[in-house]
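Asks: Structure supplied as coords.cif; contents: mmCIF, C-alpha atoms and all ligand atoms.
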data_query
loop_
_atom_site.group_PDB
_atom_site.id
_atom_site.type_symbol
_atom_site.label_atom_id
_atom_site.label_comp_id
_atom_site.auth_asym_id
_atom_site.auth_seq_id
_atom_site.Cartn_x
_atom_site.Cartn_y
_atom_site.Cartn_z
ATOM 1 C CA MET A 23 141.763 44.690 154.982
ATOM 2 C CA ARG A 24 143.632 43.869 158.143
ATOM 3 C CA ASP A 25 143.285 40.118 157.585
ATOM 4 C CA HIS A 26 144.324 40.607 154.000
ATOM 5 C CA LEU A 27 147.424 42.523 155.129
ATOM 6 C CA ARG A 28 148.239 39.850 157.654
ATOM 7 C CA GLU A 29 148.032 37.133 154.992
ATOM 8 C CA ASN A 30 150.209 39.117 152.603
ATOM 9 C CA LEU A 31 152.793 39.883 155.250
ATOM 10 C CA ASP A 32 152.891 36.264 156.402
ATOM 11 C CA ARG A 33 153.350 35.066 152.840
ATOM 12 C CA VAL A 34 156.166 37.521 152.121
ATOM 13 C CA ILE A 35 157.944 36.690 155.375
ATOM 14 C CA HIS A 36 157.570 32.985 154.626
ATOM 15 C CA ASN A 37 159.035 33.416 151.147
ATOM 16 C CA ILE A 38 161.911 35.492 152.489
ATOM 17 C CA GLU A 39 162.583 32.780 155.029
ATOM 18 C CA GLN A 40 162.666 30.048 152.369
ATOM 19 C CA ALA A 41 164.950 32.067 150.128
ATOM 20 C CA ARG A 42 167.345 33.032 152.888
ATOM 21 C CA LEU A 43 167.619 29.456 154.173
ATOM 22 C CA SER A 44 168.536 28.335 150.674
ATOM 23 C CA VAL A 45 171.543 30.655 150.995
ATOM 24 C CA SER A 46 172.456 29.903 154.608
ATOM 25 C CA GLY A 47 170.896 29.740 158.037
ATOM 26 C CA HIS A 48 173.198 32.573 158.984
ATOM 27 C CA HIS A 49 172.008 34.822 156.177
ATOM 28 C CA ILE A 50 169.711 37.414 157.782
ATOM 29 C CA VAL A 51 167.394 39.455 155.570
ATOM 30 C CA LYS A 52 165.584 42.610 156.521
ATOM 31 C CA LEU A 53 162.169 43.508 155.117
ATOM 32 C CA VAL A 54 161.350 47.136 154.385
ATOM 33 C CA ALA A 55 157.647 47.564 153.607
ATOM 34 C CA VAL A 56 157.140 50.138 150.866
ATOM 35 C CA GLY A 57 154.006 52.159 151.448
ATOM 36 C CA LYS A 58 153.829 54.271 148.316
ATOM 37 C CA TYR A 59 150.752 52.524 146.906
ATOM 38 C CA THR A 60 148.777 52.466 150.099
ATOM 39 C CA GLU A 61 146.954 54.589 152.643
ATOM 40 C CA ILE A 62 148.530 55.590 155.909
ATOM 41 C CA GLU A 63 145.937 53.499 157.792
ATOM 42 C CA ASN A 64 147.433 50.369 156.242
ATOM 43 C CA ILE A 65 150.910 51.351 157.343
ATOM 44 C CA GLN A 66 149.603 51.677 160.853
ATOM 45 C CA SER A 67 147.891 48.269 160.561
ATOM 46 C CA LEU A 68 151.103 46.674 159.345
ATOM 47 C CA TYR A 69 152.929 48.273 162.247
ATOM 48 C CA GLU A 70 150.406 46.699 164.595
ATOM 49 C CA LEU A 71 151.115 43.354 162.928
ATOM 50 C CA GLY A 72 154.760 43.776 163.933
ATOM 51 C CA GLN A 73 156.432 45.411 160.949
ATOM 52 C CA ARG A 74 158.836 48.202 161.974
ATOM 53 C CA ALA A 75 160.754 49.300 158.850
ATOM 54 C CA PHE A 76 158.918 51.290 156.182
ATOM 55 C CA GLY A 77 160.108 52.891 152.980
ATOM 56 C CA GLU A 78 158.849 55.775 150.874
ATOM 57 C CA ASN A 79 160.119 56.974 147.524
ATOM 58 C CA GLN A 80 159.128 60.630 147.874
ATOM 59 C CA VAL A 81 160.329 63.037 150.526
ATOM 60 C CA GLN A 82 156.935 64.754 150.637
ATOM 61 C CA GLN A 83 155.129 61.511 151.370
ATOM 62 C CA LEU A 84 157.770 60.439 153.871
ATOM 63 C CA GLU A 85 157.388 63.734 155.686
ATOM 64 C CA SER A 86 153.641 63.561 155.857
ATOM 65 C CA ARG A 87 153.595 59.970 157.101
ATOM 66 C CA ALA A 88 156.477 60.245 159.528
ATOM 67 C CA ASN A 89 154.781 63.278 161.070
ATOM 68 C CA GLN A 90 151.379 61.638 161.328
ATOM 69 C CA LEU A 91 152.835 58.481 162.869
ATOM 70 C CA ILE A 92 155.392 60.291 165.002
ATOM 71 C CA GLU A 93 154.280 58.458 168.153
ATOM 72 C CA LEU A 94 155.275 55.090 166.688
ATOM 73 C CA PRO A 95 158.909 53.901 166.792
ATOM 74 C CA ILE A 96 158.978 53.309 163.028
ATOM 75 C CA GLU A 97 162.228 53.071 161.130
ATOM 76 C CA TRP A 98 161.814 55.198 157.988
ATOM 77 C CA HIS A 99 163.765 54.508 154.802
ATOM 78 C CA MET A 100 164.078 56.924 151.898
ATOM 79 C CA ILE A 101 164.269 54.688 148.837
ATOM 80 C CA GLY A 102 163.450 56.938 145.884
ATOM 81 C CA THR A 103 165.418 59.398 143.813
ATOM 82 C CA LEU A 104 166.382 62.377 145.937
ATOM 83 C CA GLN A 105 166.112 65.815 144.387
ATOM 84 C CA LYS A 106 168.522 68.389 145.703
ATOM 85 C CA ASN A 107 165.751 70.823 146.559
ATOM 86 C CA LYS A 108 164.327 68.227 148.967
ATOM 87 C CA ILE A 109 167.547 67.646 150.896
ATOM 88 C CA ASN A 110 166.799 70.034 153.736
ATOM 89 C CA LYS A 111 163.345 68.588 154.269
ATOM 90 C CA LEU A 112 164.808 65.076 154.349
ATOM 91 C CA ILE A 113 167.532 66.004 156.820
ATOM 92 C CA LYS A 114 164.915 67.313 159.231
ATOM 93 C CA LEU A 115 163.136 63.960 159.083
ATOM 94 C CA ASN A 116 166.355 62.179 160.055
ATOM 95 C CA PRO A 117 165.534 58.946 158.212
ATOM 96 C CA PHE A 118 167.044 55.657 159.360
ATOM 97 C CA LEU A 119 168.648 55.074 155.949
ATOM 98 C CA ILE A 120 168.782 56.749 152.536
ATOM 99 C CA HIS A 121 169.062 54.087 149.820
ATOM 100 C CA SER A 122 169.415 56.332 146.827
ATOM 101 C CA ILE A 123 172.694 58.242 146.667
ATOM 102 C CA ASP A 124 173.061 58.055 142.906
ATOM 103 C CA SER A 125 175.841 60.551 142.144
ATOM 104 C CA ILE A 126 178.837 62.139 143.782
ATOM 105 C CA ASP A 127 177.161 65.483 143.234
ATOM 106 C CA LEU A 128 174.202 64.478 145.342
ATOM 107 C CA ALA A 129 176.453 63.016 148.032
ATOM 108 C CA LEU A 130 178.443 66.237 148.272
ATOM 109 C CA ALA A 131 175.296 68.371 148.389
ATOM 110 C CA LEU A 132 173.801 66.220 151.134
ATOM 111 C CA ASP A 133 177.046 66.219 153.073
ATOM 112 C CA SER A 134 177.427 69.974 153.066
ATOM 113 C CA ARG A 135 173.818 70.483 154.222
ATOM 114 C CA LEU A 136 174.428 67.990 157.014
ATOM 115 C CA GLN A 137 177.481 69.916 158.123
ATOM 116 C CA ASN A 138 175.435 73.094 158.167
ATOM 117 C CA SER A 139 172.734 71.339 160.114
ATOM 118 C CA ASP A 140 174.561 71.025 163.425
ATOM 119 C CA ASN A 141 176.958 68.493 161.974
ATOM 120 C CA GLN A 142 174.189 65.917 161.716
ATOM 121 C CA LYS A 143 175.089 62.427 160.487
ATOM 122 C CA LEU A 144 173.045 60.155 158.220
ATOM 123 C CA ASP A 145 173.396 56.564 157.039
ATOM 124 C CA ALA A 146 173.157 55.996 153.303
ATOM 125 C CA LEU A 147 173.619 53.521 150.479
ATOM 126 C CA MET A 148 175.105 54.116 147.066
ATOM 127 C CA GLN A 149 172.628 53.262 144.321
ATOM 128 C CA ILE A 150 174.087 51.184 141.510
ATOM 129 C CA ASN A 151 172.525 51.030 138.069
ATOM 130 C CA SER A 152 173.521 47.461 137.312
ATOM 131 C CA SER A 153 171.037 47.016 134.493
ATOM 132 C CA GLY A 154 172.491 49.950 132.590
ATOM 133 C CA GLU A 155 168.953 51.083 131.704
ATOM 134 C CA ILE A 156 169.068 54.792 130.994
ATOM 135 C CA THR A 157 165.699 55.280 132.689
ATOM 136 C CA LYS A 158 167.188 54.134 136.002
ATOM 137 C CA SER A 159 169.292 56.318 138.206
ATOM 138 C CA GLY A 160 172.421 55.081 139.867
ATOM 139 C CA ILE A 161 176.117 54.793 139.394
ATOM 140 C CA GLU A 162 177.547 52.473 136.757
ATOM 141 C CA ALA A 163 178.840 49.259 138.293
ATOM 142 C CA GLU A 164 182.260 49.743 136.677
ATOM 143 C CA LYS A 165 182.768 53.025 138.506
ATOM 144 C CA ALA A 166 181.028 52.076 141.718
ATOM 145 C CA ILE A 167 183.964 50.980 143.856
ATOM 146 C CA GLU A 168 186.122 53.953 143.084
ATOM 147 C CA LEU A 169 183.235 56.370 143.613
ATOM 148 C CA TYR A 170 182.191 54.701 146.850
ATOM 149 C CA HIS A 171 185.656 55.279 148.259
ATOM 150 C CA GLU A 172 185.707 58.838 146.996
ATOM 151 C CA MET A 173 182.336 59.546 148.618
ATOM 152 C CA GLN A 174 183.457 57.981 151.880
ATOM 153 C CA GLU A 175 186.528 60.158 151.879
ATOM 154 C CA ARG A 176 184.850 63.428 150.928
ATOM 155 C CA CYS A 177 181.514 63.090 152.741
ATOM 156 C CA THR A 178 182.385 62.988 156.406
ATOM 157 C CA ASN A 179 178.789 63.392 157.590
ATOM 158 C CA ILE A 180 177.396 60.497 155.582
ATOM 159 C CA ASP A 181 178.024 56.997 156.892
ATOM 160 C CA PHE A 182 177.977 54.743 153.845
ATOM 161 C CA GLN A 183 176.556 51.355 154.768
ATOM 162 C CA GLY A 184 176.553 49.620 151.397
ATOM 163 C CA VAL A 185 174.730 49.510 148.099
ATOM 164 C CA MET A 186 171.246 49.497 146.616
ATOM 165 C CA SER A 187 170.023 48.431 143.215
ATOM 166 C CA ILE A 188 166.767 48.050 141.305
ATOM 167 C CA GLY A 189 166.554 44.920 139.156
ATOM 168 C CA ALA A 190 166.052 45.267 135.410
ATOM 169 C CA ASN A 191 162.474 45.779 134.350
ATOM 170 C CA SER A 192 162.531 42.581 132.321
ATOM 171 C CA ASP A 193 160.721 39.251 132.059
ATOM 172 C CA ASP A 194 164.064 37.625 131.442
ATOM 173 C CA ARG A 195 164.971 36.213 134.855
ATOM 174 C CA SER A 196 168.539 35.513 133.835
ATOM 175 C CA GLU A 197 169.008 39.179 132.984
ATOM 176 C CA VAL A 198 167.619 40.256 136.354
ATOM 177 C CA GLN A 199 169.842 37.701 138.029
ATOM 178 C CA ARG A 200 172.915 39.029 136.207
ATOM 179 C CA ASN A 201 172.116 42.543 137.456
ATOM 180 C CA PHE A 202 171.826 41.330 141.028
ATOM 181 C CA GLU A 203 175.067 39.401 140.721
ATOM 182 C CA THR A 204 176.808 42.500 139.412
ATOM 183 C CA THR A 205 175.614 44.547 142.367
ATOM 184 C CA TYR A 206 176.494 41.802 144.815
ATOM 185 C CA ALA A 207 180.032 41.586 143.418
ATOM 186 C CA VAL A 208 180.462 45.312 144.092
ATOM 187 C CA PHE A 209 179.056 44.858 147.601
ATOM 188 C CA GLU A 210 181.492 42.014 148.324
ATOM 189 C CA LYS A 211 184.433 44.181 147.361
ATOM 190 C CA LEU A 212 183.186 46.996 149.573
ATOM 191 C CA LYS A 213 182.746 44.855 152.676
ATOM 192 C CA LYS A 214 186.250 45.580 153.869
ATOM 193 C CA SER A 215 185.393 49.290 153.613
ATOM 194 C CA GLY A 216 182.508 48.770 156.014
ATOM 195 C CA ALA A 217 179.650 47.950 153.641
ATOM 196 C CA ASN A 218 177.110 45.745 155.388
ATOM 197 C CA ILE A 219 173.818 46.369 153.565
ATOM 198 C CA CYS A 220 172.998 45.063 150.089
ATOM 199 C CA SER A 221 169.522 46.415 149.315
ATOM 200 C CA MET A 222 168.056 44.545 146.329
ATOM 201 C CA GLY A 223 164.722 42.966 145.549
ATOM 202 C CA MET A 224 161.156 44.209 145.151
ATOM 203 C CA SER A 225 157.779 42.445 144.845
ATOM 204 C CA GLY A 226 158.622 40.750 141.553
ATOM 205 C CA ASP A 227 162.132 39.617 142.334
ATOM 206 C CA TYR A 228 162.888 39.604 146.066
ATOM 207 C CA GLU A 229 163.416 35.859 146.315
ATOM 208 C CA LEU A 230 165.845 35.898 143.408
ATOM 209 C CA ALA A 231 167.609 38.915 144.948
ATOM 210 C CA ILE A 232 168.064 37.093 148.258
ATOM 211 C CA LYS A 233 169.514 34.076 146.467
ATOM 212 C CA CYS A 234 171.992 36.490 144.867
ATOM 213 C CA GLY A 235 173.041 37.793 148.295
ATOM 214 C CA SER A 236 170.634 40.623 149.111
ATOM 215 C CA ASN A 237 170.181 41.217 152.833
ATOM 216 C CA LEU A 238 167.490 43.896 152.568
ATOM 217 C CA VAL A 239 164.393 43.690 150.376
ATOM 218 C CA ARG A 240 161.972 46.539 149.637
ATOM 219 C CA VAL A 241 158.508 45.120 149.084
ATOM 220 C CA GLY A 242 155.415 47.193 148.305
ATOM 221 C CA SER A 243 152.682 45.725 146.131
ATOM 222 C CA LYS A 244 152.984 42.144 147.371
ATOM 223 C CA ILE A 245 152.157 43.435 150.845
ATOM 224 C CA PHE A 246 149.702 46.238 150.265
ATOM 225 C CA ARG A 247 147.763 45.069 147.196
HETATM 226 C C1 LIG B 1 158.155 51.245 144.762
HETATM 227 C C2 LIG B 1 159.510 50.805 145.090
HETATM 228 C C3 LIG B 1 159.728 49.543 145.658
HETATM 229 C C4 LIG B 1 158.622 48.542 145.909
HETATM 230 O O1 LIG B 1 158.052 48.141 144.695
HETATM 231 P P1 LIG B 1 157.078 46.879 144.593
HETATM 232 O O2 LIG B 1 157.349 46.325 143.249
HETATM 233 O O3 LIG B 1 155.706 47.397 144.749
HETATM 234 O O4 LIG B 1 157.436 45.936 145.666
HETATM 235 C C5 LIG B 1 161.032 49.195 145.967
HETATM 236 N N1 LIG B 1 162.066 50.037 145.747
HETATM 237 C C6 LIG B 1 161.894 51.251 145.191
HETATM 238 C C7 LIG B 1 163.080 52.127 144.980
HETATM 239 C C8 LIG B 1 160.607 51.676 144.854
HETATM 240 O O5 LIG B 1 160.443 52.883 144.303
#
Any chance you could put this one into structure tokens?
Ligand SMILES: *Cc1c(COP(=O)(O)O)cnc(C)c1O
Replies:
Amino acid sequence: MRDHLRENLDRVIHNIEQARLSVSGHHIVKLVAVGKYTEIENIQSLYELGQRAFGENQVQQLESRANQLIELPIEWHMIGTLQKNKINKLIKLNPFLIHSIDSIDLALALDSRLQNSDNQKLDALMQINSSGEITKSGIEAEKAIELYHEMQERCTNIDFQGVMSIGANSDDRSEVQRNFETTYAVFEKLKKSGANICSMGMSGDYELAIKCGSNLVRVGSKIFR
């Protein structure tokens, strides 16, 4: 399994490298390895192969893994939909970055719990639903800029670092590309407000996402399967 993981990781890193160089030598892309389909042993193996940033889409799973691997200097990312009843648990875990702030309601709830928790601060991204699919969470692209500013203003304990989006679940590459371009356009406009992370791209579309400007990809199955 370890050799298999090494091959997968090498391949993904190679592909990221090719895609990023096609944008620019100065375009740096971060890889977050998504462990939701795998066993904790494989996360540890990937860590030993040099990977440091890991993502989980459930608070429960993040908690269990972060606690079991507490000795390792892993950077944990919360990438999945956050339910309000899990906020306190998540705050205690102090993740490196929350990718999935998908409503002003959630932002305000998180912010007030942070204030009550010794004025703790957290970094987060606003999730944009650029495909418009009703099954996906996230803020409509048309409202994203205004809401981002409103969240920044009202949520003093959340440091907004940029945007996140999940590409359309479609075989039509041009549709996926349009979604990424929509998200990237929002990101560009938010740069002057401090946005520096554009989190887009998963196993099926990370190269395309990078070509559209993503600087953080979240890859699970192409590494762990
Ligand atoms: C599962 C998941 C990923 C990784 O998905 P793969 O297609 O396996 O790479 C990325 N982002 C989010 C939000 C996820 O839930």
Asks: Name the closest residue to Ile219 of chain A among the candidates A:Arg176, A:Lys114, A:Lys233, A:Lys52; distances are taken between atoms, counting only C-alpha atoms.
Replies: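 Ranked by minimum distance to Ile219 of chain A, first place goes to A:Lys52.
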Asks: Please identify all protein, DNA and RNA residues within 9 Å of ligand LIG 1 (chain B), counting only C-alpha atoms and all ligand atoms, and report them as number ranges by chain.
Replies: A: 54-59, 77-80, 100-103, 121-122, 186-188, 222-228, 239-247
Asks: How many Å separate atom CA of Gln183 of chain A from atom CA of Val81 of chain A?
Replies: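 Going from atom CA of Gln183 of chain A over to atom CA of Val81 of chain A, I get 20.4 Å.
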Asks: From the options A:Arg135, A:Lys111, A:Lys211, A:Lys106, which residue's atoms come nearest to Ile123 of chain A, counting all atoms listed in the file?
Replies: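 The closest residue to Ile123 of chain A is A:Lys106.
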Asks: What's the 9 Å shell around segment 136-142 of chain A, counting only C-alpha atoms, without same-chain residues fewer than 5 positions away, as number ranges by chain?
Replies: A: 110, 113-114, 116, 131, 178-180
Asks: Using all atoms listed in the file, which residue out of A:Ile156, A:Leu115, A:Ile232, A:Ile150 lies closest to Leu43 of chain A?
Replies: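 Looking only at the distances to Leu43 of chain A, the closest residue turns out to be A:Ile232.
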Asks: From the block you just saw, export segment 199-229 of chain A: N, CA, C and O atoms, as an mmCIF file, in the first residue's frame.
Replies:
data_model
loop_
_atom_site.group_PDB
_atom_site.id
_atom_site.type_symbol
_atom_site.label_atom_id
_atom_site.label_comp_id
_atom_site.auth_asym_id
_atom_site.auth_seq_id
_atom_site.Cartn_x
_atom_site.Cartn_y
_atom_site.Cartn_z
ATOM 1 N N GLN A 199 -15.364 24.124 -16.500
ATOM 2 C CA GLN A 199 -14.450 25.248 -16.686
ATOM 3 C C GLN A 199 -15.156 26.586 -16.438
ATOM 4 O O GLN A 199 -14.595 27.466 -15.777
ATOM 5 N N ARG A 200 -16.364 26.728 -16.954
ATOM 6 C CA ARG A 200 -17.114 27.974 -16.721
ATOM 7 C C ARG A 200 -17.320 28.226 -15.226
ATOM 8 O O ARG A 200 -17.182 29.348 -14.743
ATOM 9 N N ASN A 201 -17.636 27.158 -14.482
ATOM 10 C CA ASN A 201 -17.820 27.307 -13.032
ATOM 11 C C ASN A 201 -16.535 27.805 -12.374
ATOM 12 O O ASN A 201 -16.562 28.697 -11.528
ATOM 13 N N PHE A 202 -15.429 27.194 -12.759
ATOM 14 C CA PHE A 202 -14.150 27.599 -12.160
ATOM 15 C C PHE A 202 -13.830 29.052 -12.524
ATOM 16 O O PHE A 202 -13.340 29.815 -11.695
ATOM 17 N N GLU A 203 -14.123 29.413 -13.747
ATOM 18 C CA GLU A 203 -13.844 30.792 -14.169
ATOM 19 C C GLU A 203 -14.709 31.788 -13.393
ATOM 20 O O GLU A 203 -14.250 32.871 -13.031
ATOM 21 N N THR A 204 -15.935 31.385 -13.135
ATOM 22 C CA THR A 204 -16.829 32.246 -12.345
ATOM 23 C C THR A 204 -16.256 32.459 -10.950
ATOM 24 O O THR A 204 -16.185 33.588 -10.454
ATOM 25 N N THR A 205 -15.841 31.371 -10.325
ATOM 26 C CA THR A 205 -15.276 31.483 -8.976
ATOM 27 C C THR A 205 -13.993 32.302 -8.990
ATOM 28 O O THR A 205 -13.770 33.155 -8.123
ATOM 29 N N TYR A 206 -13.158 32.051 -10.009
ATOM 30 C CA TYR A 206 -11.899 32.787 -10.070
ATOM 31 C C TYR A 206 -12.129 34.292 -10.244
ATOM 32 O O TYR A 206 -11.416 35.113 -9.654
ATOM 33 N N ALA A 207 -13.149 34.643 -11.015
ATOM 34 C CA ALA A 207 -13.454 36.069 -11.220
ATOM 35 C C ALA A 207 -13.825 36.726 -9.887
ATOM 36 O O ALA A 207 -13.417 37.860 -9.603
ATOM 37 N N VAL A 208 -14.578 36.002 -9.066
ATOM 38 C CA VAL A 208 -14.928 36.523 -7.736
ATOM 39 C C VAL A 208 -13.651 36.687 -6.899
ATOM 40 O O VAL A 208 -13.425 37.720 -6.264
ATOM 41 N N PHE A 209 -12.817 35.660 -6.937
ATOM 42 C CA PHE A 209 -11.555 35.687 -6.180
ATOM 43 C C PHE A 209 -10.696 36.900 -6.567
ATOM 44 O O PHE A 209 -10.191 37.621 -5.705
ATOM 45 N N GLU A 210 -10.566 37.121 -7.870
ATOM 46 C CA GLU A 210 -9.788 38.263 -8.368
ATOM 47 C C GLU A 210 -10.269 39.580 -7.765
ATOM 48 O O GLU A 210 -9.476 40.402 -7.322
ATOM 49 N N LYS A 211 -11.598 39.724 -7.740
ATOM 50 C CA LYS A 211 -12.160 40.975 -7.231
ATOM 51 C C LYS A 211 -11.959 41.109 -5.734
ATOM 52 O O LYS A 211 -11.982 42.216 -5.194
ATOM 53 N N LEU A 212 -11.780 39.977 -5.060
ATOM 54 C CA LEU A 212 -11.628 40.029 -3.599
ATOM 55 C C LEU A 212 -10.171 40.136 -3.162
ATOM 56 O O LEU A 212 -9.884 40.299 -1.979
ATOM 57 N N LYS A 213 -9.257 40.060 -4.116
ATOM 58 C CA LYS A 213 -7.836 40.119 -3.750
ATOM 59 C C LYS A 213 -7.498 41.394 -2.984
ATOM 60 O O LYS A 213 -6.738 41.374 -2.021
ATOM 61 N N LYS A 214 -8.063 42.497 -3.422
ATOM 62 C CA LYS A 214 -7.721 43.750 -2.736
ATOM 63 C C LYS A 214 -8.319 43.803 -1.334
ATOM 64 O O LYS A 214 -7.938 44.634 -0.524
ATOM 65 N N SER A 215 -9.249 42.897 -1.037
ATOM 66 C CA SER A 215 -9.781 42.788 0.330
ATOM 67 C C SER A 215 -9.057 41.695 1.104
ATOM 68 O O SER A 215 -9.553 41.226 2.129
ATOM 69 N N GLY A 216 -7.914 41.258 0.586
ATOM 70 C CA GLY A 216 -7.089 40.322 1.342
ATOM 71 C C GLY A 216 -7.223 38.867 0.949
ATOM 72 O O GLY A 216 -6.546 38.005 1.520
ATOM 73 N N ALA A 217 -8.081 38.552 -0.024
ATOM 74 C CA ALA A 217 -8.231 37.148 -0.417
ATOM 75 C C ALA A 217 -6.947 36.645 -1.064
ATOM 76 O O ALA A 217 -6.393 37.298 -1.947
ATOM 77 N N ASN A 218 -6.457 35.517 -0.611
ATOM 78 C CA ASN A 218 -5.241 34.954 -1.199
ATOM 79 C C ASN A 218 -5.346 33.456 -1.502
ATOM 80 O O ASN A 218 -4.429 32.877 -2.062
ATOM 81 N N ILE A 219 -6.458 32.837 -1.121
ATOM 82 C CA ILE A 219 -6.628 31.407 -1.416
ATOM 83 C C ILE A 219 -7.852 31.191 -2.308
ATOM 84 O O ILE A 219 -8.955 31.652 -2.005
ATOM 85 N N CYS A 220 -7.622 30.475 -3.410
ATOM 86 C CA CYS A 220 -8.724 30.085 -4.301
ATOM 87 C C CYS A 220 -8.713 28.557 -4.343
ATOM 88 O O CYS A 220 -7.922 27.945 -5.055
ATOM 89 N N SER A 221 -9.569 27.956 -3.511
ATOM 90 C CA SER A 221 -9.594 26.504 -3.335
ATOM 91 C C SER A 221 -10.571 25.865 -4.320
ATOM 92 O O SER A 221 -11.781 25.912 -4.131
ATOM 93 N N MET A 222 -10.035 25.307 -5.401
ATOM 94 C CA MET A 222 -10.889 24.632 -6.397
ATOM 95 C C MET A 222 -10.112 23.465 -6.987
ATOM 96 O O MET A 222 -8.907 23.569 -7.195
ATOM 97 N N GLY A 223 -10.835 22.400 -7.271
ATOM 98 C CA GLY A 223 -10.231 21.250 -7.929
ATOM 99 C C GLY A 223 -10.182 20.035 -7.035
ATOM 100 O O GLY A 223 -9.695 20.114 -5.898
ATOM 101 N N MET A 224 -10.721 18.925 -7.549
ATOM 102 C CA MET A 224 -10.716 17.641 -6.852
ATOM 103 C C MET A 224 -10.131 16.602 -7.820
ATOM 104 O O MET A 224 -9.612 16.969 -8.870
ATOM 105 N N SER A 225 -10.223 15.323 -7.466
ATOM 106 C CA SER A 225 -9.557 14.294 -8.288
ATOM 107 C C SER A 225 -9.877 14.397 -9.775
ATOM 108 O O SER A 225 -8.998 14.244 -10.615
ATOM 109 N N GLY A 226 -11.126 14.674 -10.108
ATOM 110 C CA GLY A 226 -11.529 14.651 -11.513
ATOM 111 C C GLY A 226 -11.213 15.920 -12.281
ATOM 112 O O GLY A 226 -11.289 15.928 -13.514
ATOM 113 N N ASP A 227 -10.876 16.987 -11.566
ATOM 114 C CA ASP A 227 -10.774 18.261 -12.291
ATOM 115 C C ASP A 227 -9.687 19.207 -11.753
ATOM 116 O O ASP A 227 -9.718 20.391 -12.042
ATOM 117 N N TYR A 228 -8.715 18.650 -11.005
ATOM 118 C CA TYR A 228 -7.755 19.586 -10.386
ATOM 119 C C TYR A 228 -6.842 20.274 -11.384
ATOM 120 O O TYR A 228 -6.465 21.444 -11.190
ATOM 121 N N GLU A 229 -6.515 19.568 -12.475
ATOM 122 C CA GLU A 229 -5.636 20.223 -13.463
ATOM 123 C C GLU A 229 -6.365 21.381 -14.148
ATOM 124 O O GLU A 229 -5.806 22.466 -14.322
#
